[in-house]
Amino acid sequence: MSISKNISTQSASKIKRFRKKKPSTEELLKGIFDSDKTALSRAITLVESTNTLHSKQANEIIEKCLSIKNKSIRIGITGVPGVGKSTFIERFGKQLTKQGKKVAVLAVDPTSTITKGSILGDKTRMEELVKDNNAFIRPSPSGDSLGGVARKTRETIILCEAAGYDIILIETVGVGQSETAVHSMVDFFLLLKLAGAGDELQGIKRGIMEMADAIVINKSDGENIQQAKKARIEFTRALHLLKNKDNGWTPKVFACSALENIGIKEVWETIDNFIKLQTKNGFFITKRQEQNRYWLLQTIENQLKQLFYQDKKVKNQLQNFIDAVINDDISPFSAAEKLLELHSTPKR
């Protein structure tokens, strides 16, 4: 047996042993700080779990990871399904790892409202990046989160930063409500568009255009090149009609081809210039503070919702009120008010 094969076998054996036992908080933290991908994955699984015991351990890990100051850049990437997000992220990620940067990709897959399952196929679509030692890809289901991002994406970002990742890429589901949620947790917001989709001017009507720090018209190759050039002009005009950003940044519009690896370098140069400008004028810190504020408020909402549905009094009466609403015996507003009163009633 060759030396390299023997080392590989030992490494696989070590991972199996690690997975079989339940690592302690200290073991997971050590693994995270040592950039151990297995430990990082295990910690993220704890963070995403709804088990009370898991949540307690996860909170301890997050608290410790928050003390690790990492000058990372959080980049949100969104766009409608089919725009080529996975291909773009793989090319973009490889561009960054070639520069010696460590990249974490948090890819969120939509959860079926019927089967409650998710494909989680981003690792399969990013064949090259998944094999890169300087890259970490974590697909997660969106679950019942309306934001198009996993319920615990913010916490996962903290863990990845503690593990030493310089660039955190958050890929959203891209189904309409994801933009506001992801915009609240990133430093730079990148919107991917398709040429000839007929939404160049329609984009003005949506808040997403105001949130975008850059627009990338993907799949600008082959017969799409001319359409991409036209779309770039249209989107640039549309951006001029919007209110100027308070941070002094003028959003850029690019045409690129992730498939042919054209224009990817320019996108990173733009993001780098953006971060330098925001750091210089103080908006970078202001945005991070705003991210923490939003994180707190969202956490309060999530925990209140969880406490409400776990209340035994609510559980016992919820179906009765649902049936009453279905049969038009009571309005949804009155039913909700009565259930909330029931929840707030002190236990005897």
# chains A, B, ... in the order shown; residues from 1 in each chain; ligands from 1
>>> residues_around(residues="range 68-76 of chain A", least_positions_apart="3", cutoff="8 Å", atoms="only C-alpha atoms", output="MDAnalysis selection string")
chainID A and resid 64:65 161:162 164:172 182:183 185:190
>>> residues_around(residues="Thr45 in chain A", least_positions_apart="5", cutoff="12 Å", atoms="only C-alpha atoms", output="list of chain:residue names")
A:Leu28, A:Thr38, A:Ala39, A:Leu40, A:Thr50, A:Asn51, A:His54, A:Ser55, A:Gln57, A:Ala58, A:Ile61, A:Arg138, A:Pro139, A:Ser140, A:Pro141, A:Ala150, A:Lys152, A:Thr153, A:Glu155, A:Thr156, A:Leu159
>>> select_by_dssp(residues="range 148-301 of chain A", states="helix (DSSP H, G or I)", output="count of residues only")
80
>>> select_by_dssp(residues="range 36-277 of chain A", states="strand (DSSP E or B)", output="JSON list (two decimals) with N, CA and C atoms, in the first residue's frame")
[["chain", "number", "residue", "atom", "x", "y", "z"],
["A", 73, "ILE", "N", -15.74, 38.42, 4.60],
["A", 73, "ILE", "CA", -16.66, 39.16, 3.75],
["A", 73, "ILE", "C", -17.85, 38.25, 3.48],
["A", 74, "ARG", "N", -19.04, 38.73, 3.80],
["A", 74, "ARG", "CA", -20.26, 37.97, 3.60],
["A", 74, "ARG", "C", -20.95, 38.45, 2.32],
["A", 75, "ILE", "N", -21.12, 37.54, 1.39],
["A", 75, "ILE", "CA", -21.69, 37.89, 0.08],
["A", 75, "ILE", "C", -22.96, 37.09, -0.17],
["A", 76, "GLY", "N", -24.05, 37.78, -0.40],
["A", 76, "GLY", "CA", -25.31, 37.12, -0.73],
["A", 76, "GLY", "C", -25.47, 37.03, -2.24],
["A", 77, "ILE", "N", -25.87, 35.89, -2.73],
["A", 77, "ILE", "CA", -26.06, 35.69, -4.17],
["A", 77, "ILE", "C", -27.46, 35.15, -4.40],
["A", 78, "THR", "N", -28.24, 35.88, -5.17],
["A", 78, "THR", "CA", -29.61, 35.46, -5.41],
["A", 78, "THR", "C", -29.96, 35.59, -6.89],
["A", 103, "VAL", "N", -13.02, 29.72, 1.21],
["A", 103, "VAL", "CA", -14.40, 30.05, 0.84],
["A", 103, "VAL", "C", -15.39, 29.05, 1.42],
["A", 104, "ALA", "N", -16.42, 29.57, 2.08],
["A", 104, "ALA", "CA", -17.51, 28.72, 2.57],
["A", 104, "ALA", "C", -18.77, 29.07, 1.78],
["A", 105, "VAL", "N", -19.43, 28.05, 1.26],
["A", 105, "VAL", "CA", -20.66, 28.25, 0.50],
["A", 105, "VAL", "C", -21.82, 27.67, 1.29],
["A", 106, "LEU", "N", -22.76, 28.52, 1.65],
["A", 106, "LEU", "CA", -23.97, 28.08, 2.35],
["A", 106, "LEU", "C", -25.10, 28.12, 1.34],
["A", 107, "ALA", "N", -25.40, 26.96, 0.79],
["A", 107, "ALA", "CA", -26.40, 26.87, -0.27],
["A", 107, "ALA", "C", -27.71, 26.37, 0.30],
["A", 108, "VAL", "N", -28.77, 27.07, 0.02],
["A", 108, "VAL", "CA", -30.08, 26.72, 0.56],
["A", 108, "VAL", "C", -30.97, 26.17, -0.54],
["A", 109, "ASP", "N", -31.49, 24.96, -0.31],
["A", 109, "ASP", "CA", -32.40, 24.33, -1.27],
["A", 109, "ASP", "C", -33.83, 24.45, -0.77],
["A", 135, "ALA", "N", -12.16, 25.15, 0.27],
["A", 135, "ALA", "CA", -13.59, 25.43, 0.13],
["A", 135, "ALA", "C", -14.41, 24.49, 1.01],
["A", 136, "PHE", "N", -15.52, 25.00, 1.50],
["A", 136, "PHE", "CA", -16.45, 24.22, 2.31],
["A", 136, "PHE", "C", -17.85, 24.51, 1.80],
["A", 137, "ILE", "N", -18.58, 23.47, 1.42],
["A", 137, "ILE", "CA", -19.93, 23.64, 0.88],
["A", 137, "ILE", "C", -20.93, 22.97, 1.81],
["A", 138, "ARG", "N", -21.90, 23.73, 2.25],
["A", 138, "ARG", "CA", -22.91, 23.20, 3.16],
["A", 138, "ARG", "C", -24.31, 23.46, 2.60],
["A", 139, "PRO", "N", -24.95, 22.45, 2.01],
["A", 139, "PRO", "CA", -26.34, 22.63, 1.57],
["A", 139, "PRO", "C", -27.28, 22.43, 2.74],
["A", 140, "SER", "N", -28.30, 23.26, 2.83],
["A", 140, "SER", "CA", -29.28, 23.15, 3.92],
["A", 140, "SER", "C", -30.68, 23.36, 3.36],
["A", 141, "PRO", "N", -31.67, 22.70, 3.95],
["A", 141, "PRO", "CA", -33.05, 22.90, 3.50],
["A", 141, "PRO", "C", -33.61, 24.21, 4.02],
["A", 167, "ILE", "N", -14.20, 34.21, 2.99],
["A", 167, "ILE", "CA", -15.35, 34.62, 2.18],
["A", 167, "ILE", "C", -16.50, 33.66, 2.45],
["A", 168, "ILE", "N", -17.66, 34.22, 2.82],
["A", 168, "ILE", "CA", -18.85, 33.41, 3.05],
["A", 168, "ILE", "C", -19.86, 33.74, 1.96],
["A", 169, "LEU", "N", -20.19, 32.76, 1.14],
["A", 169, "LEU", "CA", -21.16, 32.96, 0.06],
["A", 169, "LEU", "C", -22.48, 32.32, 0.47],
["A", 170, "ILE", "N", -23.55, 33.12, 0.48],
["A", 170, "ILE", "CA", -24.87, 32.61, 0.83],
["A", 170, "ILE", "C", -25.73, 32.59, -0.43],
["A", 171, "GLU", "N", -26.03, 31.40, -0.90],
["A", 171, "GLU", "CA", -26.88, 31.25, -2.09],
["A", 171, "GLU", "C", -28.31, 31.05, -1.63],
["A", 188, "PHE", "N", -22.31, 42.35, 1.02],
["A", 188, "PHE", "CA", -22.47, 42.67, -0.39],
["A", 188, "PHE", "C", -23.57, 41.79, -0.97],
["A", 189, "PHE", "N", -24.48, 42.41, -1.72],
["A", 189, "PHE", "CA", -25.63, 41.68, -2.26],
["A", 189, "PHE", "C", -25.55, 41.63, -3.78],
["A", 190, "LEU", "N", -25.42, 40.43, -4.31],
["A", 190, "LEU", "CA", -25.23, 40.23, -5.74],
["A", 190, "LEU", "C", -26.48, 39.59, -6.35],
["A", 191, "LEU", "N", -27.00, 40.23, -7.38],
["A", 191, "LEU", "CA", -28.20, 39.75, -8.05],
["A", 191, "LEU", "C", -27.85, 39.21, -9.43],
["A", 192, "LEU", "N", -28.17, 37.95, -9.68],
["A", 192, "LEU", "CA", -27.95, 37.33, -10.99],
["A", 192, "LEU", "C", -29.22, 37.44, -11.82],
["A", 193, "LYS", "N", -29.03, 37.83, -13.08],
["A", 193, "LYS", "CA", -30.16, 37.98, -14.00],
["A", 193, "LYS", "C", -29.88, 37.24, -15.31],
["A", 194, "LEU", "N", -30.94, 37.00, -16.04],
["A", 194, "LEU", "CA", -30.82, 36.41, -17.38],
["A", 194, "LEU", "C", -31.20, 37.44, -18.43],
["A", 214, "ALA", "N", -24.65, 44.94, -6.95],
["A", 214, "ALA", "CA", -24.19, 44.68, -8.32],
["A", 214, "ALA", "C", -25.16, 43.71, -8.97],
["A", 215, "ILE", "N", -25.33, 43.86, -10.26],
["A", 215, "ILE", "CA", -26.18, 42.96, -11.04],
["A", 215, "ILE", "C", -25.30, 42.26, -12.07],
["A", 216, "VAL", "N", -25.40, 40.96, -12.12],
["A", 216, "VAL", "CA", -24.62, 40.18, -13.08],
["A", 216, "VAL", "C", -25.57, 39.47, -14.03],
["A", 217, "ILE", "N", -25.45, 39.78, -15.31],
["A", 217, "ILE", "CA", -26.27, 39.12, -16.32],
["A", 217, "ILE", "C", -25.49, 37.88, -16.75],
["A", 218, "ASN", "N", -25.93, 36.75, -16.26],
["A", 218, "ASN", "CA", -25.22, 35.49, -16.48],
["A", 218, "ASN", "C", -25.59, 34.86, -17.83],
["A", 252, "LYS", "N", -23.05, 48.36, -9.82],
["A", 252, "LYS", "CA", -22.48, 48.06, -11.13],
["A", 252, "LYS", "C", -23.29, 46.97, -11.82],
["A", 253, "VAL", "N", -23.22, 46.96, -13.14],
["A", 253, "VAL", "CA", -23.90, 45.93, -13.93],
["A", 253, "VAL", "C", -22.86, 45.24, -14.81],
["A", 254, "PHE", "N", -22.84, 43.91, -14.75],
["A", 254, "PHE", "CA", -21.88, 43.14, -15.54],
["A", 254, "PHE", "C", -22.59, 42.12, -16.40],
["A", 255, "ALA", "N", -21.94, 41.74, -17.48],
["A", 255, "ALA", "CA", -22.37, 40.60, -18.29],
["A", 255, "ALA", "C", -21.26, 39.57, -18.17],
["A", 257, "SER", "N", -20.14, 35.06, -18.22],
["A", 257, "SER", "CA", -20.47, 33.68, -18.55],
["A", 257, "SER", "C", -19.76, 32.78, -17.55],
["A", 262, "ILE", "N", -15.96, 33.75, -18.02],
["A", 262, "ILE", "CA", -15.70, 35.10, -18.53],
["A", 262, "ILE", "C", -16.37, 36.13, -17.62]]
>>> atom_distance(atom1="CA of Phe92 in chain A", atom2="CA of Val47 in chain A")
27.2 Å
>>> atom_distance(atom1="CA of Arg288 in chain A", atom2="CA of Ser184 in chain A")
9.2 Å
>>> atom_distance(atom1="CA of Ser35 in chain A", atom2="CA of Gln289 in chain A")
26.2 Å
>>> residues_around(residues="range 316-329 of chain A", least_positions_apart="4", cutoff="8 Å", atoms="only C-alpha atoms", output="list in words")
Lys312, Ala335 and Leu339 of chain A
>>> residues_around(residues="range 258-260 of chain A", least_positions_apart="2", cutoff="7 Å", atoms="only C-alpha atoms", output="PyMOL selection string")
chain A and resi 87-88+91+218-219+256+262
>>> closest_residue(among="A:Asp213, A:Asp311, A:Thr236, A:Pro81", to="Thr270 in chain A", atoms="only C-alpha atoms")
A:Asp213
